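Source file upload.csv; content: CSV, C-alpha atoms.
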```csv
chain,number,residue,atom,x,y,z
J,286,MET,CA,16.4,0.6,71.4
J,287,LYS,CA,17.8,-2.5,73.0
J,288,PHE,CA,17.4,-6.2,72.3
J,289,SER,CA,15.7,-6.5,75.7
J,290,ASP,CA,12.9,-4.3,74.3
J,291,PHE,CA,11.8,-7.2,72.1
J,292,ALA,CA,9.5,-10.0,73.3
J,293,LEU,CA,12.4,-12.5,73.3
J,294,ARG,CA,12.9,-15.1,76.0
J,295,PRO,CA,15.8,-14.7,78.5
J,296,GLU,CA,17.8,-17.6,76.9
J,297,ILE,CA,17.9,-15.8,73.6
J,298,LEU,CA,18.8,-12.4,75.1
J,299,GLN,CA,21.6,-14.1,77.0
J,300,ALA,CA,23.0,-15.5,73.8
J,301,VAL,CA,22.8,-12.1,72.2
J,302,THR,CA,24.7,-10.6,75.1
J,303,ASP,CA,27.3,-13.4,75.0
J,304,ALA,CA,27.8,-12.5,71.3
J,305,GLY,CA,28.6,-8.9,72.3
J,306,TYR,CA,25.5,-7.1,70.9
J,307,THR,CA,23.3,-4.7,72.8
J,308,ALA,CA,21.5,-2.6,70.2
J,309,PRO,CA,19.6,-3.9,67.2
J,310,THR,CA,20.3,-2.6,63.7
J,311,PRO,CA,17.6,-0.8,61.7
J,312,ILE,CA,16.5,-4.0,59.8
J,313,GLN,CA,16.3,-5.9,63.1
J,314,GLU,CA,14.3,-3.1,64.7
J,315,ARG,CA,11.7,-3.4,61.9
J,316,ALA,CA,11.7,-7.1,61.1
J,317,ILE,CA,11.9,-8.8,64.5
J,318,PRO,CA,8.5,-7.4,65.9
J,319,ALA,CA,6.7,-8.2,62.7
J,320,ILE,CA,8.1,-11.8,62.5
J,321,LEU,CA,7.2,-12.4,66.2
J,322,THR,CA,3.5,-11.6,65.4
J,323,GLY,CA,3.5,-14.4,62.7
J,324,ALA,CA,3.1,-12.0,59.8
J,325,ASP,CA,4.6,-12.6,56.4
J,326,LEU,CA,7.5,-10.2,55.8
J,327,LEU,CA,9.4,-8.8,52.8
J,328,GLY,CA,12.8,-7.6,54.0
J,329,ILE,CA,14.9,-5.3,51.8
J,330,ALA,CA,18.4,-5.3,53.2
J,331,GLN,CA,21.9,-5.4,51.8
J,332,THR,CA,24.6,-7.5,53.3
J,333,GLY,CA,26.2,-6.3,56.5
J,334,THR,CA,23.0,-4.8,57.9
J,335,GLY,CA,22.3,-7.6,60.4
J,336,LYS,CA,19.7,-9.2,58.1
J,337,THR,CA,20.4,-12.8,59.1
J,338,ALA,CA,19.9,-12.2,62.8
J,339,ALA,CA,16.8,-10.2,62.0
J,340,PHE,CA,15.0,-13.5,61.1
J,341,VAL,CA,17.1,-16.0,63.1
J,342,LEU,CA,16.2,-14.4,66.5
J,343,PRO,CA,12.4,-14.3,66.1
J,344,MET,CA,12.5,-17.8,64.5
J,345,ILE,CA,14.3,-19.2,67.5
J,346,GLU,CA,11.6,-17.6,69.8
J,347,ARG,CA,8.8,-19.0,67.8
J,348,LEU,CA,10.4,-22.5,67.5
J,349,ALA,CA,11.3,-22.7,71.2
J,350,SER,CA,7.9,-24.3,71.9
J,351,GLY,CA,6.8,-27.3,69.9
J,352,GLN,CA,8.2,-30.6,68.8
J,353,SER,CA,9.6,-31.8,65.5
J,354,LYS,CA,8.6,-35.0,63.7
J,355,ALA,CA,10.7,-37.5,61.8
J,356,ARG,CA,11.8,-36.2,58.4
J,357,MET,CA,9.4,-33.2,58.8
J,358,PRO,CA,11.3,-30.0,59.6
J,359,ARG,CA,9.3,-27.3,61.4
J,360,SER,CA,11.0,-24.5,59.5
J,361,LEU,CA,13.0,-24.2,56.2
J,362,ILE,CA,15.6,-21.6,55.2
J,363,LEU,CA,16.5,-21.5,51.5
J,364,SER,CA,19.9,-20.1,50.7
J,365,PRO,CA,21.5,-19.5,47.3
J,366,THR,CA,25.0,-20.7,48.2
J,367,ARG,CA,26.7,-23.2,50.5
J,368,GLU,CA,28.6,-20.4,52.2
J,369,LEU,CA,25.4,-18.5,53.1
J,370,ALA,CA,23.7,-21.6,54.3
J,371,THR,CA,26.7,-22.5,56.5
J,372,GLN,CA,26.8,-19.0,57.9
J,373,THR,CA,23.1,-19.0,58.7
J,374,ALA,CA,23.6,-22.3,60.5
J,375,ALA,CA,26.3,-20.7,62.6
J,376,TYR,CA,23.9,-17.9,63.6
J,377,PHE,CA,21.4,-20.5,64.9
J,378,GLU,CA,24.2,-22.2,66.9
J,379,THR,CA,25.2,-18.8,68.4
J,380,TYR,CA,21.8,-17.5,69.3
J,381,GLY,CA,20.1,-20.8,70.1
J,382,LYS,CA,22.8,-22.3,72.3
J,383,HIS,CA,20.8,-22.0,75.5
J,384,LEU,CA,17.8,-23.8,73.9
J,385,LYS,CA,17.4,-27.3,72.7
J,386,LEU,CA,16.6,-26.7,69.1
J,387,THR,CA,17.8,-29.2,66.4
J,388,MET,CA,19.1,-28.3,63.0
J,389,ALA,CA,20.1,-29.9,59.7
J,390,LEU,CA,22.1,-28.5,56.8
J,391,LEU,CA,21.5,-29.7,53.2
J,392,ILE,CA,24.2,-28.4,50.9
J,393,GLY,CA,26.5,-29.7,48.2
J,394,GLY,CA,30.0,-30.8,48.9
J,395,VAL,CA,29.5,-32.3,52.4
J,396,GLY,CA,28.8,-35.8,53.6
J,397,MET,CA,25.1,-36.5,54.1
J,398,ASP,CA,25.0,-39.4,56.6
J,399,GLU,CA,24.9,-37.2,59.7
J,400,GLN,CA,22.3,-34.9,58.2
J,401,TRP,CA,20.1,-37.8,57.2
J,402,ARG,CA,20.3,-39.1,60.8
J,403,LYS,CA,19.2,-35.7,62.1
J,404,LEU,CA,16.3,-35.5,59.7
J,405,ASP,CA,15.2,-39.0,60.6
J,406,ARG,CA,15.0,-37.9,64.2
J,407,GLY,CA,13.3,-34.7,63.3
J,408,VAL,CA,14.7,-31.2,63.2
J,409,ASP,CA,13.3,-27.7,64.1
J,410,VAL,CA,15.4,-25.9,61.5
J,411,LEU,CA,16.4,-27.1,58.0
J,412,ILE,CA,18.8,-24.9,56.1
J,413,ALA,CA,19.3,-25.9,52.4
J,414,THR,CA,20.3,-24.8,48.9
J,415,PRO,CA,17.4,-25.3,46.5
J,416,GLY,CA,18.9,-28.0,44.3
J,417,ARG,CA,20.1,-30.2,47.1
J,418,LEU,CA,16.8,-29.9,48.9
J,419,ILE,CA,14.8,-31.1,45.8
J,420,ASP,CA,17.3,-33.9,45.4
J,421,GLN,CA,16.7,-35.1,49.0
J,422,PHE,CA,13.0,-34.6,48.7
J,423,GLU,CA,12.8,-36.8,45.6
J,424,ARG,CA,14.8,-39.5,47.5
J,425,GLY,CA,12.2,-39.4,50.2
J,426,LYS,CA,14.7,-38.2,52.8
J,427,VAL,CA,12.8,-35.1,53.8
J,428,LEU,CA,9.0,-34.2,53.9
J,429,LEU,CA,8.0,-30.6,53.6
J,430,GLY,CA,4.4,-30.7,54.7
J,431,GLY,CA,5.2,-29.7,58.3
J,432,VAL,CA,7.1,-26.5,57.5
J,433,SER,CA,5.4,-23.6,59.4
J,434,ILE,CA,8.1,-21.0,58.8
J,435,LEU,CA,9.7,-20.5,55.3
J,436,VAL,CA,12.6,-18.2,54.7
J,437,ILE,CA,13.7,-17.3,51.2
J,438,ASP,CA,17.1,-15.6,51.7
J,439,GLU,CA,18.8,-13.3,49.2
J,440,ALA,CA,16.0,-13.8,46.6
J,441,ASP,CA,17.8,-11.6,44.1
J,442,ARG,CA,20.8,-13.8,44.2
J,443,MET,CA,18.5,-16.8,43.6
J,444,LEU,CA,17.2,-15.0,40.5
J,445,ASP,CA,20.8,-14.3,39.3
J,446,MET,CA,21.8,-17.9,39.7
J,447,GLY,CA,18.7,-19.4,38.0
J,448,PHE,CA,17.2,-21.0,41.1
J,449,ILE,CA,13.8,-19.4,40.9
J,450,PRO,CA,12.1,-22.4,39.2
J,451,ASP,CA,13.4,-24.6,42.1
J,452,VAL,CA,12.2,-22.1,44.7
J,453,GLU,CA,8.8,-22.0,43.1
J,454,ARG,CA,8.6,-25.8,43.2
J,455,ILE,CA,9.6,-25.9,46.9
J,456,VAL,CA,7.1,-23.2,47.8
J,457,GLY,CA,4.4,-25.4,46.3
J,458,LEU,CA,5.5,-28.3,48.5
J,459,VAL,CA,5.3,-26.6,51.8
J,460,SER,CA,2.1,-26.0,53.8
J,461,ARG,CA,-0.1,-23.1,52.8
J,462,ARG,CA,-0.6,-22.4,56.5
J,463,ARG,CA,3.0,-21.1,56.8
J,464,GLN,CA,4.7,-17.9,57.7
J,465,THR,CA,6.9,-16.7,54.8
J,466,LEU,CA,9.8,-14.4,55.1
J,467,MET,CA,11.5,-13.2,52.0
J,468,PHE,CA,14.8,-11.1,52.0
J,469,SER,CA,16.5,-9.4,49.1
J,470,ALA,CA,19.2,-6.8,48.7
J,471,THR,CA,17.5,-5.4,45.6
J,472,MET,CA,14.0,-5.4,44.3
J,473,PRO,CA,13.8,-5.9,40.6
J,474,ALA,CA,10.4,-6.5,39.0
J,475,GLU,CA,10.7,-10.3,39.0
J,476,ILE,CA,11.4,-10.4,42.7
J,477,ARG,CA,8.5,-8.1,43.4
J,478,ARG,CA,6.3,-10.5,41.3
J,479,LEU,CA,7.6,-13.5,43.4
J,480,ALA,CA,6.9,-11.6,46.6
J,481,ASP,CA,3.3,-11.0,45.5
J,482,ALA,CA,3.0,-14.8,44.7
J,483,PHE,CA,4.7,-16.1,47.9
J,484,LEU,CA,3.6,-13.7,50.6
J,485,THR,CA,0.2,-13.0,52.1
J,486,ASP,CA,-0.5,-9.4,53.3
J,487,PRO,CA,3.2,-9.0,54.1
J,488,GLN,CA,4.7,-6.3,56.2
J,489,GLU,CA,7.8,-4.6,54.7
J,490,ALA,CA,11.1,-3.9,56.5
J,491,GLN,CA,13.7,-1.9,54.6
J,492,ALA,CA,17.1,-1.2,56.1
J,493,ALA,CA,18.5,1.0,53.4
J,494,PRO,CA,17.5,2.0,49.8
J,495,PRO,CA,18.0,-0.9,47.5
J,496,ALA,CA,21.4,-1.1,45.7
J,497,THR,CA,23.2,1.4,47.9
J,498,THR,CA,26.6,0.9,49.4
J,499,ALA,CA,26.8,0.2,53.1
J,500,THR,CA,27.6,3.2,55.2
J,501,GLY,CA,31.1,3.1,56.6
J,502,VAL,CA,32.8,2.0,53.4
J,503,ASP,CA,35.6,4.3,52.2
J,504,ASP,CA,35.9,3.2,48.6
J,505,HIS,CA,38.4,4.3,45.9
J,506,LEU,CA,39.2,3.7,42.3
J,507,MET,CA,42.6,3.1,40.7
J,508,VAL,CA,42.8,3.2,36.8
J,509,VAL,CA,45.8,1.1,35.8
J,510,ALA,CA,47.4,0.0,32.6
J,511,PRO,CA,47.0,-3.8,31.9
J,512,ARG,CA,50.7,-4.5,32.0
J,513,GLN,CA,50.9,-2.8,35.5
J,514,LYS,CA,47.9,-4.4,37.1
J,515,PHE,CA,49.7,-6.8,39.5
J,516,LYS,CA,52.3,-4.2,40.2
J,517,ALA,CA,49.4,-1.8,41.1
J,518,LEU,CA,48.0,-4.3,43.5
J,519,ARG,CA,51.3,-4.7,45.2
J,520,ARG,CA,51.8,-1.0,45.5
J,521,LEU,CA,48.3,-0.5,46.7
J,522,ILE,CA,48.8,-3.1,49.5
J,523,GLU,CA,52.1,-1.5,50.5
J,524,THR,CA,51.2,2.2,50.4
J,525,GLN,CA,47.7,1.8,51.9
J,526,GLU,CA,49.0,-0.6,54.6
J,527,VAL,CA,46.5,-3.3,53.7
J,528,GLY,CA,47.3,-6.1,56.1
J,529,LYS,CA,44.2,-8.2,55.5
J,530,ALA,CA,41.7,-8.3,52.6
J,531,ILE,CA,39.4,-10.3,50.4
J,532,ILE,CA,40.5,-9.8,46.8
J,533,PHE,CA,37.8,-10.4,44.1
J,534,CYS,CA,38.4,-11.6,40.6
J,535,ASN,CA,35.7,-12.2,38.0
J,536,ARG,CA,36.7,-15.7,36.9
J,537,LYS,CA,38.0,-18.9,38.6
J,538,ARG,CA,41.1,-19.1,36.5
J,539,GLU,CA,42.0,-15.5,37.3
J,540,VAL,CA,41.6,-16.4,41.0
J,541,ALA,CA,44.1,-19.2,40.8
J,542,SER,CA,46.5,-17.2,38.7
J,543,LEU,CA,46.5,-14.2,41.0
J,544,ARG,CA,47.0,-16.4,44.1
J,545,ARG,CA,50.1,-17.9,42.5
J,546,GLN,CA,51.5,-14.5,41.6
J,547,MET,CA,50.9,-13.3,45.2
J,548,GLU,CA,52.6,-16.3,46.7
J,549,ARG,CA,55.6,-15.9,44.4
J,550,ALA,CA,55.8,-12.3,45.6
J,551,GLY,CA,55.9,-13.5,49.2
J,552,MET,CA,52.4,-12.7,50.2
J,553,ASN,CA,50.4,-15.1,52.3
J,554,ALA,CA,47.3,-15.8,50.2
J,555,ARG,CA,44.8,-18.6,49.5
J,556,ASP,CA,41.9,-18.9,47.0
J,557,ILE,CA,38.3,-19.8,47.3
J,558,HIS,CA,36.0,-20.5,44.3
J,559,GLY,CA,33.3,-22.8,42.9
J,560,ASP,CA,35.7,-25.6,41.7
J,561,LEU,CA,36.9,-26.3,45.2
J,562,ASP,CA,34.9,-28.8,47.3
J,563,GLN,CA,33.1,-27.6,50.4
J,564,ALA,CA,35.9,-29.0,52.7
J,565,GLN,CA,38.6,-27.0,50.8
J,566,ARG,CA,36.5,-23.9,50.8
J,567,THR,CA,35.7,-24.1,54.5
J,568,LYS,CA,39.4,-24.8,55.4
J,569,ALA,CA,40.5,-21.7,53.4
J,570,LEU,CA,37.8,-19.5,55.0
J,571,ASP,CA,38.6,-20.8,58.5
J,572,ALA,CA,42.3,-20.1,58.0
J,573,PHE,CA,41.5,-16.5,56.9
J,574,LYS,CA,39.2,-15.9,59.8
J,575,ALA,CA,41.8,-17.2,62.2
J,576,GLY,CA,44.5,-14.9,60.8
J,577,GLU,CA,46.6,-17.7,59.5
J,578,ILE,CA,46.5,-16.1,56.0
J,579,ASP,CA,46.4,-12.4,55.1
J,580,PHE,CA,44.6,-12.4,51.7
J,581,LEU,CA,41.7,-14.5,50.4
J,582,VAL,CA,41.4,-14.4,46.6
J,583,ALA,CA,37.8,-15.1,45.6
J,584,THR,CA,35.2,-15.2,43.0
J,585,ASP,CA,31.7,-13.9,43.6
J,586,VAL,CA,30.7,-17.2,45.0
J,587,ALA,CA,32.2,-15.8,48.2
J,588,ALA,CA,30.7,-12.4,47.9
J,589,ARG,CA,27.4,-13.3,49.6
J,590,GLY,CA,26.9,-14.9,52.9
J,591,LEU,CA,30.4,-14.7,54.3
J,592,ASP,CA,30.4,-13.0,57.7
J,593,ILE,CA,34.0,-12.2,58.7
J,594,ALA,CA,34.2,-10.1,61.8
J,595,ARG,CA,36.2,-6.9,61.4
J,596,LEU,CA,37.3,-7.4,57.8
J,597,PRO,CA,39.1,-4.2,57.2
J,598,CYS,CA,39.4,-4.2,53.4
J,599,VAL,CA,38.0,-5.5,50.1
J,600,ILE,CA,39.9,-5.2,46.8
J,601,ASN,CA,38.3,-5.6,43.5
J,602,TYR,CA,41.2,-6.8,41.3
J,603,ASP,CA,38.6,-7.0,38.5
J,604,VAL,CA,35.8,-4.5,38.1
J,605,PRO,CA,32.6,-6.6,38.5
J,606,ILE,CA,30.8,-7.0,35.2
J,607,HIS,CA,27.4,-6.7,37.0
J,608,ALA,CA,27.1,-3.5,39.1
J,609,ASP,CA,25.0,-5.3,41.8
J,610,ASP,CA,28.0,-7.5,42.5
J,611,TYR,CA,30.0,-4.4,43.5
J,612,ILE,CA,27.5,-3.8,46.3
J,613,HIS,CA,27.7,-7.3,47.6
J,614,ARG,CA,31.5,-7.5,47.3
J,615,ILE,CA,32.2,-4.4,49.3
J,616,GLY,CA,29.5,-5.4,51.7
J,617,ARG,CA,31.9,-7.8,53.2
J,618,THR,CA,33.6,-4.9,55.0
J,619,ALA,CA,32.1,-2.2,57.3
J,620,ARG,CA,29.6,-4.7,58.7
J,621,ALA,CA,27.6,-4.1,61.9
J,622,GLY,CA,28.3,-0.4,62.0
J,623,ARG,CA,32.1,-0.8,61.6
J,624,GLU,CA,34.4,1.2,59.2
J,625,GLY,CA,36.0,-0.4,56.2
J,626,ARG,CA,37.9,0.3,53.0
J,627,ALA,CA,37.3,-0.9,49.4
J,628,PHE,CA,39.6,-0.4,46.4
J,629,THR,CA,38.8,-1.2,42.8
J,630,LEU,CA,41.4,-1.6,40.0
J,631,ALA,CA,40.0,-0.7,36.6
J,632,LEU,CA,41.6,-1.0,33.2
J,633,PRO,CA,41.1,2.0,30.9
J,634,GLU,CA,38.6,0.2,28.7
J,635,GLU,CA,36.4,-0.8,31.7
J,636,GLY,CA,34.8,2.7,31.9
J,637,ARG,CA,31.3,1.3,31.1
J,638,PHE,CA,31.4,-1.0,34.1
J,639,VAL,CA,32.6,1.8,36.4
J,640,ASP,CA,29.8,4.0,35.0
J,641,ALA,CA,27.2,1.3,35.8
J,642,ILE,CA,28.4,1.1,39.4
J,643,THR,CA,28.3,4.9,39.6
J,644,LYS,CA,24.7,4.9,38.3
J,645,LEU,CA,23.6,2.2,40.7
J,646,THR,CA,25.2,3.6,43.8
J,647,GLY,CA,24.5,7.3,43.0
J,648,LYS,CA,28.1,8.3,43.7
J,649,GLN,CA,31.5,8.4,42.0
J,650,MET,CA,34.4,6.5,43.5
J,651,PRO,CA,37.3,9.0,44.3
J,652,ARG,CA,40.4,8.4,42.2
J,653,LEU,CA,43.4,7.1,44.1
J,654,GLU,CA,46.8,7.8,42.5
J,655,ILE,CA,50.0,6.1,43.6
J,656,GLY,CA,53.4,7.4,42.6
J,657,GLY,CA,55.4,5.5,40.1
J,658,MET,CA,52.4,4.2,38.2
J,659,ASP,CA,50.8,5.2,34.9
J,660,GLN,CA,47.6,7.2,35.3
J,661,PRO,CA,45.5,6.4,32.3
J,662,GLU,CA,41.9,7.7,31.8
J,663,LEU,CA,38.8,5.6,31.5
J,664,VAL,CA,37.0,5.1,28.2
J,665,ASP,CA,33.5,4.0,27.6
J,666,GLU,CA,34.4,1.0,25.5
J,667,PRO,CA,37.6,-0.7,24.1
J,668,GLN,CA,39.4,1.2,21.5
J,669,GLY,CA,39.2,-1.6,19.0
J,670,ARG,CA,35.4,-1.7,19.2
J,671,ARG,CA,35.2,2.1,18.9
J,672,ARG,CA,37.2,2.0,15.6
J,673,ARG,CA,35.0,-0.8,14.1
J,674,GLY,CA,33.0,0.4,11.2
J,675,ARG,CA,34.8,3.7,10.8
J,676,PRO,CA,37.0,4.8,7.9
```
Would you mind writing the file out in structure tokens?
Amino acid sequence: MKFSDFALRPEILQAVTDAGYTAPTPIQERAIPAILTGADLLGIAQTGTGKTAAFVLPMIERLASGQSKARMPRSLILSPTRELATQTAAYFETYGKHLKLTMALLIGGVGMDEQWRKLDRGVDVLIATPGRLIDQFERGKVLLGGVSILVIDEADRMLDMGFIPDVERIVGLVSRRRQTLMFSATMPAEIRRLADAFLTDPQEAQAAPPATTATGVDDHLMVVAPRQKFKALRRLIETQEVGKAIIFCNRKREVASLRRQMERAGMNARDIHGDLDQAQRTKALDAFKAGEIDFLVATDVAARGLDIARLPCVINYDVPIHADDYIHRIGRTARAGREGRAFTLALPEEGRFVDAITKLTGKQMPRLEIGGMDQPELVDEPQGRRRRGRP
């Protein structure tokens, strides 16, 4: 199948060609025709499957005719994080560049004067995080009665981050005569309940079974002693010839600490986490994309929504506590049909977290052993806890 097989106007097809794409991904094949008919859609797709373009392209087609009104956006996309919202905005700029659509972005950490001016003139597309949107709605800066297309992106992440009450309130503010598109990488019972409440006779588009790793990722596990963890990272980077990678830690303070260690060791690294303002995060990300830095040390705030072309490798310096986060972290590589590598460093007592990942993905990560390093075994729980209550 080709993009030209869809009922998309020439300006959109030209933008797709300009971006270097010819064949749609599975989620795009299934979602685009349904969205073009005006049907509600439940999309089940993990990161790296082309999910964002699956709704952006038909939205541009449907919005290409019509006119916006002051402070009343014609469409609304709810994103769980600033990074995902910013990335979605970039997709609209890429694929809508030959059309005269207007867009505003409501996210924390950026100045609002320009966005208010855009809203006052009227926009075709409003992309927002839930909290910032409610804040601007209560200030009278935006009216939601004219929204004809509503997108709830990464609904499971909204659930994880506690945004569902805000989302439910926003859904109640938009027109009932809307088209609703809801996307989620996983489908827990609560997300299914929300889909039943938000969507009317929806069509379903599923790119891959929920909670499976993207194809094309070659992932490995290294079990390391705590005292050798940073040494193991350095040896991994050297022996596996890792020239560029996102390195994930579980906590903000660990991100800053690891970045300092890497810099002292002569590695070109920068960090990105929730305590940085949006300008700092954007600067670090842009430098990484441009090849000015080799390693981006990050928390899970960066695990969703970042689209970095041809990212060759992801390293989990910490095993994710929640198995779902493993899926989303390694989904930063092997995007759009490309190959990628992922390495996870685990302490011996983190066996229960590794087991949870194995159970979720349905496969075990092959062990990677590097010479000169201790090779401990995983245990299900810390030794101190195992001894508790025993004679």
(Q) Need the shell around J:Phe468: protein/DNA/RNA residues with any atom at most 9 Å away, counting only C-alpha atoms. Skip same-chain ones fewer than 5 positions apart. Format as a ChimeraX atom specification? (A) /J:326-330,336,436-441
(Q) For a test of reading the model, state the distance in Å between atom CA of J:Tyr602 and atom CA of J:Ala631, rounded to one decimal. (A)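 Between atom CA of J:Tyr602 and atom CA of J:Ala631 the gap works out to 7.8 Å.
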Selection near J:Glu624, 8 Å with all atoms listed in the file, sequence-local residues under 3 positions removed, as a PDB file with C-alpha atoms, in the frame of the given file:
```
ATOM      1  CA  GLY J 501      31.100   3.100  56.600  1.00  0.00           C
ATOM      2  CA  VAL J 502      32.800   2.000  53.400  1.00  0.00           C
ATOM      3  CA  ASP J 503      35.600   4.300  52.200  1.00  0.00           C
ATOM      4  CA  PRO J 597      39.100  -4.200  57.200  1.00  0.00           C
ATOM      5  CA  THR J 618      33.600  -4.900  55.000  1.00  0.00           C
ATOM      6  CA  ALA J 619      32.100  -2.200  57.300  1.00  0.00           C
ATOM      7  CA  ARG J 620      29.600  -4.700  58.700  1.00  0.00           C
TER       8      ARG J 620
END
```
Q | Contact residues around stretch 375-380 of chain J with all atoms listed in the file at 8 Å, ignoring same-chain residues under 2 positions, as a VMD selection string | A | chain J and resid 297 300 to 301 304 337 to 338 341 to 342 345 371 to 373 382 to 383
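Computed from the coordinates, the atom CA of J:Phe638 to atom CA of J:Ile449 distance equals 26.4 Å.
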Q. Any idea what the distance is between atom CA of J:Asp290 and atom CA of J:Ile312?
A. 14.9 Å
Q: Would you mind listing what lies within 6 Å of J:Leu361 as a PyMOL selection string, with all atoms listed in the file counted and same-chain residues fewer than 5 positions away left out?
A: chain J and resi 411-412+435
Take the residues from that selection and put them in a file with C-alpha atoms, as a JSON list (two decimals), in the coordinates of the input.
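Writing the result to selection.json gives the following:
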```json
[["chain", "number", "residue", "atom", "x", "y", "z"],
["J", 411, "LEU", "CA", 16.40, -27.10, 58.00],
["J", 412, "ILE", "CA", 18.80, -24.90, 56.10],
["J", 435, "LEU", "CA", 9.70, -20.50, 55.30]]
```
